[in-house]
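Undergrad: For reference, the structure I am asking about is given below.
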Amino acid sequence: MMRRWLLPLVVAAFTAFGVYQATLLATPYALMQVVMNKIGGGVAVNSFGFGEMATADNQPIVRPSPDLSYSVCVFDVSQGSVLLDIAPVPDHYWSVSIFDARTDVAAVRSDRDTGGKAARLALLKSPQQAPEGYEPVMLQHDRGIALIRILLANPAEYPAIDAIRRTSTCRSIIE
Amino acid sequence: MKSWQRYSLCIALGLVGGVVFTVHQVRSGLAEGAITNGAWTTGKSFGTADADALTRARVALGGLLALPAKEAMYFTARVDGAGKPLDGRCTYLVSGGKLDGRWWSVTLYEGVGWLVHNAANRWSIPAHAADQHENGLWSFTVSPDEQPGAWLPTGGVEAFDLTLRLYHPSAAMLADPAKGLLPTIQRQECQ
């Protein structure tokens, strides 16, 4: 009796392990795809969307920080490299981070890294080349998210910060 | 039972069991491999290619677009200093000294990480908003009811967690977050 079930149970164990590994590997891609569709829904690919401050009624992603202003560009380098020009915000923490389709961070540059100057990044896929004046960021996936975070010490600063961040650009260079 | 029926049944069990086990592992938090410091836990691989598949799946679910540790460290507390789960019907005193980084804030979330509706429309206490004391310490109160001084509302939810963001942490904190100075969470009265 038990012998007839032995091999099927071994097959069940291997199946469960395979499903476990496959689901784990697929989860980041699937969730990133959902987020790119959600936050990029109203904005063209390769251009920044400037979201409102996170509140209980405005939570585009889980665990948003209500102290940070978020600006998001859903990028796609399949047709050409994507250039990011990030405007500096004097005397404030700010950063731009590049997440690929697997949720890994391809690059982060903050005001500490740039010495308070603008960040100029070229998102690339081999064999694309960075134009002069842009720091190359080589990607393993075509799509991803560029995210600007700016710390607001005081909510009253928002109009001034909002005006500065809207001068940041995300644009594709078709090759 | 015929042979093909046994195999079909076991394969179906394997498929269901694999999915259930994955969901359990991903949703069970970052307990495995997490670094504990008092009531707080953190991981050091958020957002990096070094993260293993399980960590990456957990971060994708609970903290998508998180920064790597050298840029920001995320400490989460789901219990108070005595190990009791944080309850939105209770009042807590959160206090600490100078934290070893450039800037910090503490945000209150419910569930997998949602900001809580509350009458004050306040969801976090940044460093500059905490009550400062003469001895160099700071504090704020977490409570469902309005409190004097710096107050972080719970909205009266059944359970919540606190996330401490520490931006540009020091080299010492990065090297050994288990020994860095972090706030204490003291439970006071409950409704």
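In the structure tokens, chains take letters A, B, ... by order of appearance, with residues numbered from 1 within each chain and ligands from 1 in the order shown.
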Excluding segment 22-28 of chain A and its own-chain neighbours fewer than 6 positions away, which residues fall within 7 Å of it when counting only C-alpha atoms? Please give them as a list in words.

TA: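 Listed by chain and then number, they are Arg102 and Thr103 of chain A; Thr22, Ala53, Leu54, Arg56, Ala57 and Ala60 of chain B.
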
Undergrad: For the contact check between chain B and chain A, emit one row per residue of chain B within 7 Å, containing the shortest atom pair and the distance in Å rounded to one decimal, counting only C-alpha atoms, chain then rising number order, as a Markdown table.

TA:
| residue | atom | partner | partner_atom | distance |
| --- | --- | --- | --- | --- |
| B:Arg6 | CA | A:Pro8 | CA | 6.4 |
| B:Tyr7 | CA | A:Pro8 | CA | 5.0 |
| B:Cys10 | CA | A:Ala12 | CA | 4.9 |
| B:Ile11 | CA | A:Ala12 | CA | 4.9 |
| B:Leu13 | CA | A:Ala12 | CA | 6.5 |
| B:Gly14 | CA | A:Ala16 | CA | 4.2 |
| B:Leu15 | CA | A:Ala16 | CA | 5.5 |
| B:Gly17 | CA | A:Ala16 | CA | 5.8 |
| B:Gly18 | CA | A:Ala16 | CA | 4.0 |
| B:Val19 | CA | A:Tyr20 | CA | 6.2 |
| B:Thr22 | CA | A:Tyr20 | CA | 5.4 |
| B:Gly47 | CA | A:Asp104 | CA | 5.0 |
| B:Thr48 | CA | A:Asp104 | CA | 5.2 |
| B:Ala49 | CA | A:Asp104 | CA | 5.5 |
| B:Ala53 | CA | A:Leu24 | CA | 6.0 |
| B:Leu54 | CA | A:Leu24 | CA | 6.2 |
| B:Arg56 | CA | A:Pro28 | CA | 6.7 |
| B:Ala57 | CA | A:Pro28 | CA | 5.5 |
| B:Ala60 | CA | A:Pro28 | CA | 5.4 |
| B:Gly62 | CA | A:Val62 | CA | 6.5 |
| B:Gly63 | CA | A:Arg63 | CA | 6.1 |
| B:Leu65 | CA | A:Thr103 | CA | 6.8 |
| B:Gly113 | CA | A:Arg63 | CA | 4.7 |
| B:Trp114 | CA | A:Arg63 | CA | 5.9 |
| B:Leu115 | CA | A:Ala56 | CA | 4.9 |
| B:Val116 | CA | A:Ala56 | CA | 5.7 |
| B:His117 | CA | A:Ala56 | CA | 5.4 |
| B:Trp123 | CA | A:Pro66 | CA | 6.6 |
| B:Ser124 | CA | A:Pro66 | CA | 6.8 |

Undergrad: Among chain B, which residues carry a DSSP assignment of strand (DSSP E), reported as a PDB file with N, CA and C atoms, in the first residue's frame?

TA:
ATOM      1  N   ILE B  35      18.001  41.475  11.514  1.00  0.00           N
ATOM      2  CA  ILE B  35      18.853  41.922  12.611  1.00  0.00           C
ATOM      3  C   ILE B  35      17.957  42.601  13.636  1.00  0.00           C
ATOM      4  N   THR B  36      18.083  42.197  14.884  1.00  0.00           N
ATOM      5  CA  THR B  36      17.224  42.725  15.941  1.00  0.00           C
ATOM      6  C   THR B  36      18.009  43.677  16.829  1.00  0.00           C
ATOM      7  N   ASN B  37      17.341  44.777  17.181  1.00  0.00           N
ATOM      8  CA  ASN B  37      17.907  45.750  18.109  1.00  0.00           C
ATOM      9  C   ASN B  37      16.760  46.249  18.973  1.00  0.00           C
ATOM     10  N   TRP B  40      13.194  46.674  17.552  1.00  0.00           N
ATOM     11  CA  TRP B  40      13.315  46.958  16.118  1.00  0.00           C
ATOM     12  C   TRP B  40      14.011  45.819  15.377  1.00  0.00           C
ATOM     13  N   THR B  41      13.598  45.610  14.132  1.00  0.00           N
ATOM     14  CA  THR B  41      14.287  44.661  13.265  1.00  0.00           C
ATOM     15  C   THR B  41      14.594  45.347  11.940  1.00  0.00           C
ATOM     16  N   THR B  42      15.649  44.901  11.312  1.00  0.00           N
ATOM     17  CA  THR B  42      16.005  45.433   9.993  1.00  0.00           C
ATOM     18  C   THR B  42      16.712  44.354   9.197  1.00  0.00           C
ATOM     19  N   ALA B  72      19.712  54.422   3.096  1.00  0.00           N
ATOM     20  CA  ALA B  72      18.703  54.520   4.156  1.00  0.00           C
ATOM     21  C   ALA B  72      18.525  53.163   4.807  1.00  0.00           C
ATOM     22  N   MET B  73      18.412  53.153   6.122  1.00  0.00           N
ATOM     23  CA  MET B  73      18.121  51.921   6.848  1.00  0.00           C
ATOM     24  C   MET B  73      16.684  51.993   7.337  1.00  0.00           C
ATOM     25  N   TYR B  74      15.998  50.879   7.222  1.00  0.00           N
ATOM     26  CA  TYR B  74      14.591  50.797   7.631  1.00  0.00           C
ATOM     27  C   TYR B  74      14.496  49.848   8.816  1.00  0.00           C
ATOM     28  N   PHE B  75      14.095  50.378   9.958  1.00  0.00           N
ATOM     29  CA  PHE B  75      13.886  49.565  11.153  1.00  0.00           C
ATOM     30  C   PHE B  75      12.382  49.497  11.415  1.00  0.00           C
ATOM     31  N   THR B  76      11.877  48.310  11.640  1.00  0.00           N
ATOM     32  CA  THR B  76      10.444  48.141  11.900  1.00  0.00           C
ATOM     33  C   THR B  76      10.233  47.545  13.286  1.00  0.00           C
ATOM     34  N   ALA B  77       9.262  48.116  14.015  1.00  0.00           N
ATOM     35  CA  ALA B  77       8.879  47.581  15.328  1.00  0.00           C
ATOM     36  C   ALA B  77       7.419  47.167  15.286  1.00  0.00           C
ATOM     37  N   CYS B  90      -3.805  51.436  22.566  1.00  0.00           N
ATOM     38  CA  CYS B  90      -2.928  51.731  23.707  1.00  0.00           C
ATOM     39  C   CYS B  90      -2.097  52.988  23.424  1.00  0.00           C
ATOM     40  N   THR B  91      -1.528  53.518  24.506  1.00  0.00           N
ATOM     41  CA  THR B  91      -0.645  54.679  24.404  1.00  0.00           C
ATOM     42  C   THR B  91       0.791  54.243  24.679  1.00  0.00           C
ATOM     43  N   TYR B  92       1.726  54.732  23.869  1.00  0.00           N
ATOM     44  CA  TYR B  92       3.142  54.377  23.997  1.00  0.00           C
ATOM     45  C   TYR B  92       3.984  55.656  24.041  1.00  0.00           C
ATOM     46  N   LEU B  93       5.068  55.579  24.787  1.00  0.00           N
ATOM     47  CA  LEU B  93       6.055  56.648  24.775  1.00  0.00           C
ATOM     48  C   LEU B  93       7.268  56.143  23.990  1.00  0.00           C
ATOM     49  N   VAL B  94       7.591  56.848  22.909  1.00  0.00           N
ATOM     50  CA  VAL B  94       8.776  56.515  22.107  1.00  0.00           C
ATOM     51  C   VAL B  94       9.836  57.561  22.423  1.00  0.00           C
ATOM     52  N   SER B  95      10.996  57.123  22.876  1.00  0.00           N
ATOM     53  CA  SER B  95      12.029  58.089  23.259  1.00  0.00           C
ATOM     54  C   SER B  95      13.408  57.567  22.884  1.00  0.00           C
ATOM     55  N   GLY B  96      14.316  58.500  22.708  1.00  0.00           N
ATOM     56  CA  GLY B  96      15.674  58.113  22.331  1.00  0.00           C
ATOM     57  C   GLY B  96      16.619  59.293  22.398  1.00  0.00           C
ATOM     58  N   GLY B 101      22.757  58.987  12.234  1.00  0.00           N
ATOM     59  CA  GLY B 101      22.546  59.189  10.801  1.00  0.00           C
ATOM     60  C   GLY B 101      22.240  60.649  10.551  1.00  0.00           C
ATOM     61  N   ARG B 102      22.001  60.950   9.266  1.00  0.00           N
ATOM     62  CA  ARG B 102      21.804  62.360   8.903  1.00  0.00           C
ATOM     63  C   ARG B 102      20.410  62.855   9.275  1.00  0.00           C
ATOM     64  N   TRP B 103      19.426  61.999   9.112  1.00  0.00           N
ATOM     65  CA  TRP B 103      18.037  62.415   9.338  1.00  0.00           C
ATOM     66  C   TRP B 103      17.201  61.185   9.602  1.00  0.00           C
ATOM     67  N   TRP B 104      16.154  61.334  10.412  1.00  0.00           N
ATOM     68  CA  TRP B 104      15.293  60.186  10.682  1.00  0.00           C
ATOM     69  C   TRP B 104      13.839  60.618  10.784  1.00  0.00           C
ATOM     70  N   SER B 105      12.966  59.632  10.634  1.00  0.00           N
ATOM     71  CA  SER B 105      11.547  59.832  10.931  1.00  0.00           C
ATOM     72  C   SER B 105      10.948  58.487  11.315  1.00  0.00           C
ATOM     73  N   VAL B 106       9.866  58.544  12.072  1.00  0.00           N
ATOM     74  CA  VAL B 106       9.131  57.333  12.450  1.00  0.00           C
ATOM     75  C   VAL B 106       7.723  57.444  11.882  1.00  0.00           C
ATOM     76  N   THR B 107       7.315  56.435  11.112  1.00  0.00           N
ATOM     77  CA  THR B 107       5.996  56.425  10.476  1.00  0.00           C
ATOM     78  C   THR B 107       5.180  55.253  10.990  1.00  0.00           C
ATOM     79  N   LEU B 108       3.887  55.489  11.175  1.00  0.00           N
ATOM     80  CA  LEU B 108       2.978  54.443  11.677  1.00  0.00           C
ATOM     81  C   LEU B 108       2.197  53.855  10.512  1.00  0.00           C
ATOM     82  N   TYR B 109       2.182  52.510  10.438  1.00  0.00           N
ATOM     83  CA  TYR B 109       1.456  51.797   9.386  1.00  0.00           C
ATOM     84  C   TYR B 109       0.573  50.721   9.998  1.00  0.00           C
ATOM     85  N   GLU B 110      -0.451  50.348   9.247  1.00  0.00           N
ATOM     86  CA  GLU B 110      -1.242  49.169   9.602  1.00  0.00           C
ATOM     87  C   GLU B 110      -1.168  48.166   8.453  1.00  0.00           C
ATOM     88  N   TRP B 114       0.132  50.363   5.293  1.00  0.00           N
ATOM     89  CA  TRP B 114      -0.717  51.469   4.847  1.00  0.00           C
ATOM     90  C   TRP B 114      -0.791  52.540   5.923  1.00  0.00           C
ATOM     91  N   LEU B 115      -0.783  53.794   5.503  1.00  0.00           N
ATOM     92  CA  LEU B 115      -0.975  54.902   6.435  1.00  0.00           C
ATOM     93  C   LEU B 115      -2.397  54.840   6.984  1.00  0.00           C
ATOM     94  N   SER B 124       3.476  60.555  10.628  1.00  0.00           N
ATOM     95  CA  SER B 124       4.880  60.336  10.989  1.00  0.00           C
ATOM     96  C   SER B 124       5.346  61.434  11.941  1.00  0.00           C
ATOM     97  N   ILE B 125       6.427  61.148  12.620  1.00  0.00           N
ATOM     98  CA  ILE B 125       7.128  62.152  13.424  1.00  0.00           C
ATOM     99  C   ILE B 125       8.560  62.232  12.897  1.00  0.00           C
ATOM    100  N   PRO B 126       8.914  63.300  12.195  1.00  0.00           N
ATOM    101  CA  PRO B 126      10.304  63.479  11.775  1.00  0.00           C
ATOM    102  C   PRO B 126      11.140  64.012  12.938  1.00  0.00           C
ATOM    103  N   ASP B 131       9.537  66.000  20.677  1.00  0.00           N
ATOM    104  CA  ASP B 131       9.778  66.866  21.839  1.00  0.00           C
ATOM    105  C   ASP B 131      11.234  66.729  22.263  1.00  0.00           C
ATOM    106  N   GLN B 132      11.922  67.861  22.374  1.00  0.00           N
ATOM    107  CA  GLN B 132      13.333  67.843  22.767  1.00  0.00           C
ATOM    108  C   GLN B 132      13.450  68.102  24.267  1.00  0.00           C
ATOM    109  N   TRP B 138      14.996  62.920  23.183  1.00  0.00           N
ATOM    110  CA  TRP B 138      13.756  63.367  22.544  1.00  0.00           C
ATOM    111  C   TRP B 138      12.689  62.307  22.793  1.00  0.00           C
ATOM    112  N   SER B 139      11.431  62.689  22.590  1.00  0.00           N
ATOM    113  CA  SER B 139      10.339  61.734  22.775  1.00  0.00           C
ATOM    114  C   SER B 139       9.105  62.192  22.010  1.00  0.00           C
ATOM    115  N   PHE B 140       8.219  61.256  21.773  1.00  0.00           N
ATOM    116  CA  PHE B 140       6.870  61.569  21.287  1.00  0.00           C
ATOM    117  C   PHE B 140       5.935  60.471  21.751  1.00  0.00           C
ATOM    118  N   THR B 141       4.640  60.764  21.697  1.00  0.00           N
ATOM    119  CA  THR B 141       3.628  59.827  22.187  1.00  0.00           C
ATOM    120  C   THR B 141       2.856  59.240  21.016  1.00  0.00           C
ATOM    121  N   VAL B 142       2.646  57.937  21.068  1.00  0.00           N
ATOM    122  CA  VAL B 142       1.810  57.243  20.092  1.00  0.00           C
ATOM    123  C   VAL B 142       0.527  56.862  20.819  1.00  0.00           C
ATOM    124  N   SER B 143      -0.594  57.330  20.321  1.00  0.00           N
ATOM    125  CA  SER B 143      -1.832  57.129  21.067  1.00  0.00           C
ATOM    126  C   SER B 143      -3.047  57.306  20.153  1.00  0.00           C
ATOM    127  N   TRP B 151       2.649  64.157  19.033  1.00  0.00           N
ATOM    128  CA  TRP B 151       1.683  63.048  19.094  1.00  0.00           C
ATOM    129  C   TRP B 151       1.564  62.387  17.728  1.00  0.00           C
ATOM    130  N   LEU B 152       1.716  61.063  17.724  1.00  0.00           N
ATOM    131  CA  LEU B 152       1.521  60.266  16.510  1.00  0.00           C
ATOM    132  C   LEU B 152       0.254  59.435  16.697  1.00  0.00           C
ATOM    133  N   PRO B 153      -0.820  59.761  15.972  1.00  0.00           N
ATOM    134  CA  PRO B 153      -2.104  59.069  16.183  1.00  0.00           C
ATOM    135  C   PRO B 153      -2.091  57.636  15.640  1.00  0.00           C
ATOM    136  N   ASP B 161       2.367  48.944  13.112  1.00  0.00           N
ATOM    137  CA  ASP B 161       3.817  48.865  13.293  1.00  0.00           C
ATOM    138  C   ASP B 161       4.414  50.236  13.068  1.00  0.00           C
ATOM    139  N   LEU B 162       5.625  50.423  13.564  1.00  0.00           N
ATOM    140  CA  LEU B 162       6.353  51.669  13.392  1.00  0.00           C
ATOM    141  C   LEU B 162       7.568  51.404  12.521  1.00  0.00           C
ATOM    142  N   THR B 163       7.804  52.269  11.540  1.00  0.00           N
ATOM    143  CA  THR B 163       9.006  52.156  10.713  1.00  0.00           C
ATOM    144  C   THR B 163       9.876  53.375  10.944  1.00  0.00           C
ATOM    145  N   LEU B 164      11.085  53.116  11.379  1.00  0.00           N
ATOM    146  CA  LEU B 164      12.081  54.168  11.567  1.00  0.00           C
ATOM    147  C   LEU B 164      12.964  54.203  10.324  1.00  0.00           C
ATOM    148  N   ARG B 165      12.960  55.355   9.646  1.00  0.00           N
ATOM    149  CA  ARG B 165      13.849  55.539   8.495  1.00  0.00           C
ATOM    150  C   ARG B 165      15.055  56.340   8.950  1.00  0.00           C
ATOM    151  N   LEU B 166      16.220  55.806   8.723  1.00  0.00           N
ATOM    152  CA  LEU B 166      17.456  56.493   9.088  1.00  0.00           C
ATOM    153  C   LEU B 166      18.252  56.719   7.801  1.00  0.00           C
ATOM    154  N   TYR B 167      18.216  57.968   7.322  1.00  0.00           N
ATOM    155  CA  TYR B 167      18.887  58.295   6.059  1.00  0.00           C
ATOM    156  C   TYR B 167      20.363  58.602   6.297  1.00  0.00           C
ATOM    157  N   HIS B 168      21.179  58.161   5.345  1.00  0.00           N
ATOM    158  CA  HIS B 168      22.628  58.310   5.428  1.00  0.00           C
ATOM    159  C   HIS B 168      23.130  57.873   6.810  1.00  0.00           C
ATOM    160  N   PRO B 169      22.913  56.610   7.138  1.00  0.00           N
ATOM    161  CA  PRO B 169      23.392  56.110   8.437  1.00  0.00           C
ATOM    162  C   PRO B 169      24.914  56.145   8.505  1.00  0.00           C
ATOM    163  N   THR B 184      13.445  53.646  22.352  1.00  0.00           N
ATOM    164  CA  THR B 184      12.713  52.650  23.132  1.00  0.00           C
ATOM    165  C   THR B 184      11.215  52.922  22.971  1.00  0.00           C
ATOM    166  N   ILE B 185      10.425  51.864  23.138  1.00  0.00           N
ATOM    167  CA  ILE B 185       8.962  51.975  23.009  1.00  0.00           C
ATOM    168  C   ILE B 185       8.352  51.426  24.292  1.00  0.00           C
ATOM    169  N   GLN B 186       7.787  52.330  25.094  1.00  0.00           N
ATOM    170  CA  GLN B 186       7.224  51.925  26.396  1.00  0.00           C
ATOM    171  C   GLN B 186       5.705  52.014  26.349  1.00  0.00           C
ATOM    172  N   ARG B 187       5.062  50.894  26.620  1.00  0.00           N
ATOM    173  CA  ARG B 187       3.599  50.877  26.678  1.00  0.00           C
ATOM    174  C   ARG B 187       3.125  51.536  27.968  1.00  0.00           C
ATOM    175  N   GLN B 188       2.108  52.390  27.835  1.00  0.00           N
ATOM    176  CA  GLN B 188       1.527  53.021  29.017  1.00  0.00           C
ATOM    177  C   GLN B 188       0.119  52.469  29.233  1.00  0.00           C
ATOM    178  N   GLU B 189      -0.921  53.281  29.147  1.00  0.00           N
ATOM    179  CA  GLU B 189      -2.248  52.711  29.404  1.00  0.00           C
ATOM    180  C   GLU B 189      -2.929  52.289  28.098  1.00  0.00           C
ATOM    181  N   CYS B 190      -3.948  51.429  28.263  1.00  0.00           N
ATOM    182  CA  CYS B 190      -4.743  50.980  27.123  1.00  0.00           C
ATOM    183  C   CYS B 190      -6.213  51.286  27.365  1.00  0.00           C
TER     184      CYS B 190
END

Undergrad: For atom CA of Val77 of chain A and atom CA of Ile161 of chain A, determine how far apart the two atoms are, in Å to one decimal place.

TA: 28.6 Å

Undergrad: Taking into account only C-alpha atoms, which residue in the set A:Ile164, A:Ala156, A:Val45, A:Thr169 is nearest to Arg143 of chain A?

TA: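 Closest residue, counting only C-alpha atoms: A:Val45.
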